[in-house]
file run26.pdb (PDB, C-alpha atoms)
ATOM      1  CA  MET A  12     -20.939 -18.715   5.274
ATOM      2  CA  THR A  13     -20.126 -17.111   8.637
ATOM      3  CA  ASN A  14     -20.946 -13.409   8.878
ATOM      4  CA  ILE A  15     -18.268 -11.057  10.222
ATOM      5  CA  LEU A  16     -19.173  -7.443  11.058
ATOM      6  CA  VAL A  17     -16.535  -5.086   9.665
ATOM      7  CA  THR A  18     -16.784  -1.572  11.056
ATOM      8  CA  GLY A  19     -15.130   0.936   8.753
ATOM      9  CA  GLY A  20     -15.321  -1.618   5.944
ATOM     10  CA  ALA A  21     -15.647   1.129   3.323
ATOM     11  CA  GLY A  22     -12.291   2.632   4.301
ATOM     12  CA  TYR A  23      -8.772   1.889   3.121
ATOM     13  CA  ILE A  24      -7.811  -0.989   5.398
ATOM     14  CA  GLY A  25     -11.365  -2.152   6.027
ATOM     15  CA  SER A  26     -12.149  -2.662   2.332
ATOM     16  CA  HIS A  27      -8.986  -4.726   1.880
ATOM     17  CA  ALA A  28      -9.947  -6.751   4.957
ATOM     18  CA  CYS A  29     -13.354  -7.463   3.436
ATOM     19  CA  LYS A  30     -11.663  -8.880   0.340
ATOM     20  CA  ALA A  31      -9.418 -11.073   2.489
ATOM     21  CA  LEU A  32     -12.377 -12.285   4.551
ATOM     22  CA  LYS A  33     -14.341 -13.251   1.465
ATOM     23  CA  ALA A  34     -11.329 -15.139   0.092
ATOM     24  CA  ALA A  35     -11.099 -16.996   3.417
ATOM     25  CA  GLY A  36     -14.729 -18.129   3.214
ATOM     26  CA  TYR A  37     -16.440 -15.523   5.396
ATOM     27  CA  THR A  38     -19.160 -13.016   4.538
ATOM     28  CA  PRO A  39     -17.987  -9.512   5.502
ATOM     29  CA  VAL A  40     -20.821  -7.181   6.537
ATOM     30  CA  THR A  41     -19.615  -3.587   6.219
ATOM     31  CA  TYR A  42     -20.884  -1.038   8.740
ATOM     32  CA  ASP A  43     -19.701   2.458   7.861
ATOM     33  CA  ASN A  44     -21.043   6.016   8.038
ATOM     34  CA  LEU A  45     -19.033   7.001   4.916
ATOM     35  CA  SER A  46     -17.508  10.005   6.676
ATOM     36  CA  THR A  47     -14.090   8.899   5.432
ATOM     37  CA  GLY A  48     -14.959   5.728   3.511
ATOM     38  CA  TRP A  49     -16.354   5.131   0.030
ATOM     39  CA  GLU A  50     -19.434   3.112  -0.885
ATOM     40  CA  ASP A  51     -17.715   2.103  -4.145
ATOM     41  CA  ALA A  52     -15.154   0.243  -2.017
ATOM     42  CA  VAL A  53     -17.818  -2.095  -0.635
ATOM     43  CA  LYS A  54     -17.550  -4.958  -3.124
ATOM     44  CA  PHE A  55     -17.287  -8.148  -1.123
ATOM     45  CA  GLY A  56     -20.428  -8.405   1.012
ATOM     46  CA  PRO A  57     -23.493  -6.536   2.333
ATOM     47  CA  PHE A  58     -23.361  -2.873   3.285
ATOM     48  CA  GLU A  59     -25.140  -1.186   6.168
ATOM     49  CA  LYS A  60     -24.743   2.569   6.467
ATOM     50  CA  GLY A  61     -24.645   3.689  10.078
ATOM     51  CA  ASP A  62     -22.723   5.480  12.798
ATOM     52  CA  LEU A  63     -21.021   3.588  15.621
ATOM     53  CA  ARG A  64     -22.685   5.900  18.129
ATOM     54  CA  ASP A  65     -26.166   4.838  16.925
ATOM     55  CA  ARG A  66     -27.066   2.004  19.295
ATOM     56  CA  ALA A  67     -30.469   1.359  17.746
ATOM     57  CA  GLN A  68     -28.953   0.926  14.285
ATOM     58  CA  LEU A  69     -26.246  -1.369  15.635
ATOM     59  CA  ASP A  70     -28.838  -3.503  17.418
ATOM     60  CA  GLN A  71     -30.725  -3.893  14.134
ATOM     61  CA  VAL A  72     -27.574  -4.936  12.271
ATOM     62  CA  PHE A  73     -26.586  -7.486  14.910
ATOM     63  CA  ALA A  74     -30.104  -8.932  14.843
ATOM     64  CA  ALA A  75     -30.248  -9.091  11.038
ATOM     65  CA  TYR A  76     -26.833 -10.653  10.385
ATOM     66  CA  GLN A  77     -25.960 -12.381  13.688
ATOM     67  CA  PRO A  78     -22.201 -11.994  13.118
ATOM     68  CA  SER A  79     -19.928 -14.430  14.914
ATOM     69  CA  ALA A  80     -17.197 -11.802  15.372
ATOM     70  CA  ILE A  81     -16.231  -8.187  14.673
ATOM     71  CA  LEU A  82     -13.293  -6.629  12.855
ATOM     72  CA  HIS A  83     -13.252  -3.083  14.220
ATOM     73  CA  PHE A  84     -11.579  -0.540  11.914
ATOM     74  CA  GLY A  85     -14.115   2.286  12.228
ATOM     75  CA  ALA A  86     -12.289   5.363  13.557
ATOM     76  CA  LEU A  87     -10.922   8.769  12.697
ATOM     77  CA  SER A  88      -7.171   8.433  12.197
ATOM     78  CA  GLN A  89      -5.449  11.711  11.289
ATOM     79  CA  VAL A  90      -2.790  12.676  13.814
ATOM     80  CA  GLY A  91      -2.755  16.379  12.949
ATOM     81  CA  GLU A  92      -6.531  16.669  13.032
ATOM     82  CA  SER A  93      -6.613  14.906  16.398
ATOM     83  CA  MET A  94      -4.271  17.557  17.802
ATOM     84  CA  ARG A  95      -6.494  20.371  16.530
ATOM     85  CA  ASP A  96      -9.819  18.764  17.458
ATOM     86  CA  PRO A  97      -9.324  16.162  20.210
ATOM     87  CA  GLY A  98     -12.946  16.214  21.323
ATOM     88  CA  THR A  99     -14.124  14.836  18.008
ATOM     89  CA  TYR A 100     -11.629  11.967  18.279
ATOM     90  CA  TRP A 101     -12.682  11.041  21.797
ATOM     91  CA  ASP A 102     -16.348  11.214  20.809
ATOM     92  CA  ASN A 103     -16.086   9.317  17.528
ATOM     93  CA  ASN A 104     -13.450   6.745  18.433
ATOM     94  CA  VAL A 105     -14.052   6.106  22.124
ATOM     95  CA  THR A 106     -17.783   6.731  22.439
ATOM     96  CA  GLY A 107     -18.348   4.872  19.172
ATOM     97  CA  SER A 108     -16.339   1.886  20.370
ATOM     98  CA  SER A 109     -18.139   1.833  23.719
ATOM     99  CA  THR A 110     -21.505   1.787  21.971
ATOM    100  CA  LEU A 111     -20.324  -0.963  19.615
ATOM    101  CA  LEU A 112     -19.091  -3.161  22.461
ATOM    102  CA  GLN A 113     -22.302  -2.728  24.438
ATOM    103  CA  ALA A 114     -24.343  -3.724  21.393
ATOM    104  CA  ALA A 115     -22.048  -6.700  20.758
ATOM    105  CA  VAL A 116     -22.405  -7.960  24.315
ATOM    106  CA  ALA A 117     -26.189  -7.594  24.160
ATOM    107  CA  ALA A 118     -26.204  -9.635  20.933
ATOM    108  CA  GLY A 119     -23.864 -12.295  22.319
ATOM    109  CA  CYS A 120     -21.105 -11.485  19.816
ATOM    110  CA  LEU A 121     -18.054 -11.846  22.059
ATOM    111  CA  LYS A 122     -15.087 -11.933  19.695
ATOM    112  CA  ILE A 123     -13.442  -8.808  18.284
ATOM    113  CA  VAL A 124     -10.280  -8.002  16.349
ATOM    114  CA  PHE A 125      -9.347  -4.386  17.009
ATOM    115  CA  SER A 126      -7.375  -2.051  14.774
ATOM    116  CA  SER A 127      -5.060  -0.196  17.149
ATOM    117  CA  THR A 128      -1.859   1.673  16.348
ATOM    118  CA  CYS A 129       1.816   2.110  17.186
ATOM    119  CA  ALA A 130       0.855   5.712  18.026
ATOM    120  CA  THR A 131      -0.096   4.406  21.475
ATOM    121  CA  TYR A 132       3.657   4.128  22.191
ATOM    122  CA  GLY A 133       4.338   7.811  21.601
ATOM    123  CA  ASP A 134       7.815   9.153  20.857
ATOM    124  CA  GLN A 135      10.358   6.641  22.187
ATOM    125  CA  ASP A 136      13.508   7.060  20.133
ATOM    126  CA  ASN A 137      16.119   4.318  20.221
ATOM    127  CA  VAL A 138      13.671   1.983  21.970
ATOM    128  CA  VAL A 139      12.779  -1.393  20.493
ATOM    129  CA  LEU A 140       8.995  -1.272  20.389
ATOM    130  CA  ASP A 141       7.354  -4.528  21.350
ATOM    131  CA  GLU A 142       4.001  -5.347  22.886
ATOM    132  CA  ASP A 143       5.301  -4.713  26.413
ATOM    133  CA  SER A 144       6.700  -1.250  25.652
ATOM    134  CA  VAL A 145       5.291   1.631  27.678
ATOM    135  CA  GLN A 146       2.285   3.257  26.048
ATOM    136  CA  ALA A 147       2.664   7.043  26.158
ATOM    137  CA  PRO A 148       0.741   8.568  23.215
ATOM    138  CA  ILE A 149       1.516  12.171  22.315
ATOM    139  CA  ASN A 150      -1.619  12.866  20.288
ATOM    140  CA  ALA A 151      -5.362  12.395  20.743
ATOM    141  CA  TYR A 152      -5.525   9.741  18.019
ATOM    142  CA  GLY A 153      -3.089   7.460  19.851
ATOM    143  CA  ALA A 154      -4.692   8.274  23.199
ATOM    144  CA  SER A 155      -8.148   7.340  21.924
ATOM    145  CA  LYS A 156      -6.859   3.993  20.652
ATOM    146  CA  ARG A 157      -5.161   3.246  23.966
ATOM    147  CA  ALA A 158      -8.421   4.017  25.761
ATOM    148  CA  ILE A 159     -10.254   1.518  23.563
ATOM    149  CA  GLU A 160      -7.637  -1.130  24.372
ATOM    150  CA  ASP A 161      -8.346  -0.530  28.070
ATOM    151  CA  MET A 162     -12.062  -0.743  27.364
ATOM    152  CA  LEU A 163     -11.647  -4.124  25.691
ATOM    153  CA  ARG A 164      -9.879  -5.502  28.756
ATOM    154  CA  ASP A 165     -12.676  -4.251  31.007
ATOM    155  CA  PHE A 166     -15.312  -5.842  28.770
ATOM    156  CA  GLU A 167     -13.437  -9.137  28.890
ATOM    157  CA  VAL A 168     -13.433  -9.130  32.692
ATOM    158  CA  ALA A 169     -17.110  -8.178  32.897
ATOM    159  CA  TYR A 170     -18.607 -10.090  29.966
ATOM    160  CA  GLY A 171     -16.051 -12.570  28.630
ATOM    161  CA  LEU A 172     -15.491 -10.622  25.394
ATOM    162  CA  THR A 173     -12.219 -11.915  23.915
ATOM    163  CA  HIS A 174     -10.117  -9.757  21.647
ATOM    164  CA  VAL A 175      -7.047  -9.545  19.476
ATOM    165  CA  ILE A 176      -5.439  -6.096  19.411
ATOM    166  CA  PHE A 177      -3.209  -5.221  16.464
ATOM    167  CA  ARG A 178      -0.927  -2.231  16.952
ATOM    168  CA  TYR A 179       0.309  -1.564  13.492
ATOM    169  CA  PHE A 180       2.833   0.701  12.000
ATOM    170  CA  ASN A 181       2.450   2.688   8.761
ATOM    171  CA  VAL A 182       0.260   0.955   6.210
ATOM    172  CA  ALA A 183       0.912   1.364   2.485
ATOM    173  CA  GLY A 184       0.273  -0.337  -0.836
ATOM    174  CA  ALA A 185      -2.960  -1.521  -2.401
ATOM    175  CA  ASP A 186      -4.783  -4.606  -3.600
ATOM    176  CA  PRO A 187      -2.573  -6.105  -6.378
ATOM    177  CA  ASP A 188      -5.748  -6.644  -8.446
ATOM    178  CA  ALA A 189      -6.515  -2.915  -8.123
ATOM    179  CA  GLU A 190     -10.100  -3.566  -6.974
ATOM    180  CA  VAL A 191      -9.617  -1.325  -3.923
ATOM    181  CA  GLY A 192      -6.883   1.058  -2.842
ATOM    182  CA  GLU A 193      -5.944   4.004  -0.668
ATOM    183  CA  PHE A 194      -7.851   7.252  -1.052
ATOM    184  CA  HIS A 195      -8.697   9.842   1.600
ATOM    185  CA  GLN A 196     -10.222  13.317   1.446
ATOM    186  CA  PRO A 197      -8.298  15.267   2.485
ATOM    187  CA  GLU A 198      -5.294  13.070   1.790
ATOM    188  CA  THR A 199      -2.698  12.974   4.577
ATOM    189  CA  HIS A 200      -0.741   9.748   3.965
ATOM    190  CA  LEU A 201       2.730   9.886   2.483
ATOM    191  CA  VAL A 202       2.518   7.390  -0.380
ATOM    192  CA  PRO A 203      -0.743   8.609  -1.989
ATOM    193  CA  LEU A 204       0.326  12.230  -1.504
ATOM    194  CA  MET A 205       3.571  11.418  -3.259
ATOM    195  CA  LEU A 206       1.825   9.642  -6.119
ATOM    196  CA  ASP A 207      -0.548  12.597  -6.496
ATOM    197  CA  ALA A 208       2.493  14.879  -6.831
ATOM    198  CA  ILE A 209       4.138  12.554  -9.338
ATOM    199  CA  ASP A 210       1.147  12.502 -11.680
ATOM    200  CA  GLY A 211       0.253  16.187 -11.270
ATOM    201  CA  ARG A 212      -2.844  15.895  -9.058
ATOM    202  CA  ARG A 213      -1.066  18.261  -6.657
ATOM    203  CA  ASP A 214       1.785  20.701  -7.214
ATOM    204  CA  ALA A 215       4.263  19.067  -4.846
ATOM    205  CA  LEU A 216       4.728  16.800  -1.848
ATOM    206  CA  THR A 217       5.422  18.683   1.389
ATOM    207  CA  ILE A 218       7.994  17.135   3.704
ATOM    208  CA  HIS A 219       6.822  17.971   7.222
ATOM    209  CA  GLY A 220      10.054  18.539   9.104
ATOM    210  CA  THR A 221      13.645  18.157   7.959
ATOM    211  CA  ASP A 222      15.384  18.714  11.303
ATOM    212  CA  TYR A 223      14.603  15.457  13.098
ATOM    213  CA  ASP A 224      17.446  13.529  14.731
ATOM    214  CA  THR A 225      17.713  11.010  11.894
ATOM    215  CA  PRO A 226      20.406  10.472   9.223
ATOM    216  CA  ASP A 227      18.647  12.687   6.671
ATOM    217  CA  GLY A 228      16.570  14.859   9.030
ATOM    218  CA  THR A 229      13.180  13.347   8.147
ATOM    219  CA  CYS A 230      10.921  11.050  10.174
ATOM    220  CA  ILE A 231      11.468   7.301  10.029
ATOM    221  CA  ARG A 232       8.580   4.848   9.872
ATOM    222  CA  ASP A 233       8.072   1.108   9.573
ATOM    223  CA  TYR A 234       5.827   0.367   6.572
ATOM    224  CA  VAL A 235       3.695  -2.742   6.112
ATOM    225  CA  HIS A 236       1.732  -3.719   2.992
ATOM    226  CA  VAL A 237      -2.016  -3.445   3.479
ATOM    227  CA  MET A 238      -2.534  -6.985   2.138
ATOM    228  CA  ASP A 239      -0.064  -8.386   4.672
ATOM    229  CA  LEU A 240      -1.860  -6.414   7.350
ATOM    230  CA  VAL A 241      -5.320  -7.771   6.539
ATOM    231  CA  ASP A 242      -3.947 -11.307   6.328
ATOM    232  CA  ALA A 243      -2.973 -10.842   9.978
ATOM    233  CA  HIS A 244      -6.555  -9.877  10.794
ATOM    234  CA  VAL A 245      -7.878 -13.097   9.286
ATOM    235  CA  LEU A 246      -5.315 -15.005  11.355
ATOM    236  CA  GLY A 247      -6.391 -13.022  14.426
ATOM    237  CA  LEU A 248     -10.010 -13.943  13.764
ATOM    238  CA  LYS A 249      -9.110 -17.628  13.516
ATOM    239  CA  TRP A 250      -7.061 -17.282  16.712
ATOM    240  CA  LEU A 251     -10.200 -16.200  18.578
ATOM    241  CA  GLN A 252     -12.379 -18.814  16.903
ATOM    242  CA  ASP A 253      -9.916 -21.470  18.076
ATOM    243  CA  GLY A 254     -10.445 -20.278  21.647
ATOM    244  CA  LYS A 255      -6.895 -19.073  22.230
ATOM    245  CA  GLY A 256      -7.892 -15.999  24.231
ATOM    246  CA  SER A 257      -7.086 -12.305  24.140
ATOM    247  CA  ARG A 258      -3.709 -11.172  22.806
ATOM    248  CA  VAL A 259      -1.855  -8.049  21.618
ATOM    249  CA  PHE A 260       0.330  -8.101  18.513
ATOM    250  CA  ASN A 261       2.506  -5.479  16.835
ATOM    251  CA  LEU A 262       2.384  -5.573  13.043
ATOM    252  CA  GLY A 263       5.492  -4.194  11.384
ATOM    253  CA  THR A 264       8.529  -5.328   9.441
ATOM    254  CA  GLY A 265      11.275  -4.171  11.798
ATOM    255  CA  THR A 266      12.730  -1.978   9.046
ATOM    256  CA  GLY A 267      12.419   1.800   9.002
ATOM    257  CA  PHE A 268      12.384   4.159   6.018
ATOM    258  CA  SER A 269      12.782   7.922   6.215
ATOM    259  CA  VAL A 270      10.503  10.210   4.236
ATOM    260  CA  ARG A 271      13.345  11.004   1.863
ATOM    261  CA  GLU A 272      14.056   7.306   1.336
ATOM    262  CA  VAL A 273      10.413   6.658   0.435
ATOM    263  CA  ILE A 274      10.525   9.561  -2.023
ATOM    264  CA  GLU A 275      13.687   8.197  -3.621
ATOM    265  CA  ARG A 276      12.183   4.720  -3.964
ATOM    266  CA  SER A 277       8.978   6.129  -5.484
ATOM    267  CA  GLY A 278      10.930   7.962  -8.151
ATOM    268  CA  ALA A 279      12.696   4.722  -9.050
ATOM    269  CA  VAL A 280       9.471   2.665  -9.191
ATOM    270  CA  THR A 281       7.485   5.175 -11.275
ATOM    271  CA  ASN A 282      10.477   6.450 -13.254
ATOM    272  CA  ARG A 283       9.297   9.988 -12.554
ATOM    273  CA  ASP A 284      10.543  12.887 -10.474
ATOM    274  CA  VAL A 285       8.804  13.709  -7.207
ATOM    275  CA  PRO A 286       8.291  17.481  -6.795
ATOM    276  CA  VAL A 287       9.033  18.343  -3.159
ATOM    277  CA  ILE A 288       8.527  21.318  -0.808
ATOM    278  CA  GLU A 289      10.180  21.378   2.611
ATOM    279  CA  GLY A 290       7.912  22.507   5.441
ATOM    280  CA  PRO A 291       7.891  22.683   9.263
ATOM    281  CA  ARG A 292       7.175  19.777  11.578
ATOM    282  CA  ARG A 293       3.590  18.773  12.272
ATOM    283  CA  PRO A 294       2.450  18.720  15.908
ATOM    284  CA  GLY A 295       2.130  15.151  17.218
ATOM    285  CA  ASP A 296       4.615  13.516  14.828
ATOM    286  CA  CYS A 297       7.196  11.183  16.353
ATOM    287  CA  THR A 298      10.799  10.999  15.168
ATOM    288  CA  LYS A 299      11.020   7.229  14.672
ATOM    289  CA  LEU A 300       8.547   4.359  14.979
ATOM    290  CA  VAL A 301       9.810   0.886  14.111
ATOM    291  CA  SER A 302       8.560  -2.467  15.388
ATOM    292  CA  GLY A 303      10.936  -4.753  17.245
ATOM    293  CA  SER A 304       8.443  -7.558  17.781
ATOM    294  CA  SER A 305       8.353 -11.095  16.398
ATOM    295  CA  ARG A 306       5.300 -12.219  18.375
ATOM    296  CA  ALA A 307       2.926 -12.170  15.384
ATOM    297  CA  GLU A 308       5.237 -14.442  13.420
ATOM    298  CA  ALA A 309       5.931 -16.753  16.355
ATOM    299  CA  GLU A 310       2.340 -17.133  17.542
ATOM    300  CA  LEU A 311       0.105 -16.339  14.559
ATOM    301  CA  GLY A 312       2.433 -17.590  11.843
ATOM    302  CA  TRP A 313       2.212 -14.166  10.160
ATOM    303  CA  LYS A 314       4.917 -12.954   7.819
ATOM    304  CA  PRO A 315       4.869  -9.620   5.918
ATOM    305  CA  VAL A 316       5.770 -11.233   2.612
ATOM    306  CA  ARG A 317       4.654  -8.303   0.387
ATOM    307  CA  SER A 318       6.088  -5.497   2.478
ATOM    308  CA  SER A 319       9.131  -4.441   0.500
ATOM    309  CA  MET A 320       8.993  -0.708  -0.191
ATOM    310  CA  THR A 321       9.244  -1.343  -3.935
ATOM    311  CA  ARG A 322       6.258  -3.715  -3.867
ATOM    312  CA  MET A 323       4.133  -1.379  -1.759
ATOM    313  CA  ILE A 324       4.751   1.591  -4.048
ATOM    314  CA  ALA A 325       4.276  -0.450  -7.214
ATOM    315  CA  ASP A 326       0.905  -1.826  -6.038
ATOM    316  CA  ALA A 327      -0.210   1.631  -4.877
ATOM    317  CA  TRP A 328       0.859   3.161  -8.195
ATOM    318  CA  ARG A 329      -1.049   0.509 -10.179
ATOM    319  CA  TRP A 330      -4.261   1.279  -8.305
ATOM    320  CA  HIS A 331      -3.579   5.018  -8.369
ATOM    321  CA  GLN A 332      -3.583   4.947 -12.158
ATOM    322  CA  THR A 333      -7.038   3.310 -12.345
ATOM    323  CA  GLY A 334      -8.799   6.404 -10.964
ATOM    324  CA  HIS A 335     -10.420   7.029  -7.595
ATOM    325  CA  TYR A 336     -13.756   6.397  -5.929
ATOM    326  CA  ASP A 337     -14.991   9.919  -6.622
ATOM    327  CA  LYS A 338     -14.183   9.966 -10.317
TER
END
call {"tool": "encode", "arguments": {"input": "run26.pdb", "output": "structure tokens"}}
result
Amino acid sequence: MTNILVTGGAGYIGSHACKALKAAGYTPVTYDNLSTGWEDAVKFGPFEKGDLRDRAQLDQVFAAYQPSAILHFGALSQVGESMRDPGTYWDNNVTGSSTLLQAAVAAGCLKIVFSSTCATYGDQDNVVLDEDSVQAPINAYGASKRAIEDMLRDFEVAYGLTHVIFRYFNVAGADPDAEVGEFHQPETHLVPLMLDAIDGRRDALTIHGTDYDTPDGTCIRDYVHVMDLVDAHVLGLKWLQDGKGSRVFNLGTGTGFSVREVIERSGAVTNRDVPVIEGPRRPGDCTKLVSGSSRAEAELGWKPVRSSMTRMIADAWRWHQTGHYDK
């Protein structure tokens, strides 16, 4: 089977991508330093522990596995942390990606699917966000991802490295088989934080900001099921293998949910109350981020078929009840 290098393959999205790759007939080779990932999540192919900034280690991995392409998820991704410590984000995300691309070019691996983010668009209220929207990130996380997008274009001009860039919106849900799921330390994502509050792992869920210019005062986000998301990555990989060239795609549903709406839906799915505390806004948070793009459906044939809020919460809750990687 064809080897695919998956950076960050021990993380939330990366581990789900590895499962999807294996189901599609590939061998996913996880490369992860386990700073935010979990070795127990590596279940679908070989594991190599290493840092993206370690060129010698990357060279060894490319030589050993000779991957035909890369799925690049490896990055720090907490907006608040990136505002407090931007240097770490530029070092880890940008320097790490530069080192990875240089190693890939040296090994002749010239196809990459890159995990970018809607955070590159910044705070553009009442604007339909498509792939041609202005990129104006308001935090170091989004800025680092935009820089990597620019880097990919430069490497294509210089070396012929082709790429698919996915700018995705909020990811939620879990593997329906509950083999892998979402777990971070510290946890910062809404759905797992909410489920922790529901089952008593934390005292309450804090709503960060209730004075936004939205119908109920809380931020609005477009949520996509993690399994739909990784299906897009397999389609993006095949796009490159078919020689179709570099392309950018938004991945979202076009439907936004406020924080309060997600809380209400979670209570209905779990049949439990969600204990809530109202807190101040977090620096770097946008008011509303919703995709207005249909390019992924039109060109890749991708449809977010699992991305109803009820389905995402139900799948996350099922995995949540199995226990976590550090149990």
call {"tool": "resolve_selection", "arguments": {"input": "run26.pdb", "expression": "the PyMOL selection byres ((chain A and resi 17) around 8)", "output": "PyMOL selection string"}}
result
chain A and resi 15-16+18-20+25+29+39-42+81-84
call {"tool": "closest_atom_pairs", "arguments": {"input": "run26.pdb", "of": "segment 98-209 of chain A", "to": "segment 284-301 of chain A", "cutoff": "7 Å", "atoms": "all atoms listed in the file", "output": "Markdown table"}}
result
| residue | atom | partner | partner_atom | distance |
| --- | --- | --- | --- | --- |
| A:Gly133 | CA | A:Cys297 | CA | 6.9 |
| A:Asp134 | CA | A:Cys297 | CA | 5.0 |
| A:Asp136 | CA | A:Lys299 | CA | 6.0 |
| A:Leu140 | CA | A:Val301 | CA | 6.7 |
| A:Ile149 | CA | A:Gly295 | CA | 5.9 |
| A:Asn150 | CA | A:Gly295 | CA | 5.4 |
| A:Met205 | CA | A:Val285 | CA | 6.9 |
| A:Ala208 | CA | A:Pro286 | CA | 6.4 |
| A:Ile209 | CA | A:Val285 | CA | 5.3 |
call {"tool": "resolve_selection", "arguments": {"input": "run26.pdb", "expression": "the PyMOL selection byres ((chain A and resi 239-249) around 7)", "output": "list of chain:residue names"}}
result
A:His27, A:Ala28, A:Ala31, A:Leu32, A:Val124, A:Val175, A:Val235, A:His236, A:Val237, A:Met238, A:Trp250, A:Leu251, A:Gln252, A:Asp253, A:Leu311, A:Trp313, A:Pro315, A:Val316, A:Arg317
call {"tool": "closest_residue", "arguments": {"input": "run26.pdb", "among": "A:Pro203, A:Gly211, A:Gly263, A:Gly192", "to": "Ala21 of chain A", "atoms": "all atoms listed in the file"}}
result
A:Gly192
call {"tool": "resolve_selection", "arguments": {"input": "run26.pdb", "expression": "the PyMOL selection byres ((chain A and resi 127) around 9)", "output": "mmCIF file with C-alpha atoms, keeping the file's coordinate frame"}}
result
data_model
loop_
_atom_site.group_PDB
_atom_site.id
_atom_site.type_symbol
_atom_site.label_atom_id
_atom_site.label_comp_id
_atom_site.auth_asym_id
_atom_site.auth_seq_id
_atom_site.Cartn_x
_atom_site.Cartn_y
_atom_site.Cartn_z
ATOM 1 C CA PHE A 84 -11.579 -0.540 11.914
ATOM 2 C CA PHE A 125 -9.347 -4.386 17.009
ATOM 3 C CA SER A 126 -7.375 -2.051 14.774
ATOM 4 C CA THR A 128 -1.859 1.673 16.348
ATOM 5 C CA CYS A 129 1.816 2.110 17.186
ATOM 6 C CA ALA A 130 0.855 5.712 18.026
ATOM 7 C CA THR A 131 -0.096 4.406 21.475
ATOM 8 C CA GLY A 153 -3.089 7.460 19.851
ATOM 9 C CA LYS A 156 -6.859 3.993 20.652
ATOM 10 C CA ARG A 157 -5.161 3.246 23.966
ATOM 11 C CA ILE A 159 -10.254 1.518 23.563
ATOM 12 C CA GLU A 160 -7.637 -1.130 24.372
ATOM 13 C CA ILE A 176 -5.439 -6.096 19.411
ATOM 14 C CA PHE A 177 -3.209 -5.221 16.464
ATOM 15 C CA ARG A 178 -0.927 -2.231 16.952
ATOM 16 C CA TYR A 179 0.309 -1.564 13.492
#
call {"tool": "residues_around", "arguments": {"input": "run26.pdb", "residues": "Tyr132 of chain A", "least_positions_apart": "6", "cutoff": "6 Å", "atoms": "all atoms listed in the file", "output": "list in words"}}
result
Gln146, Ala147 and Pro148 of chain A
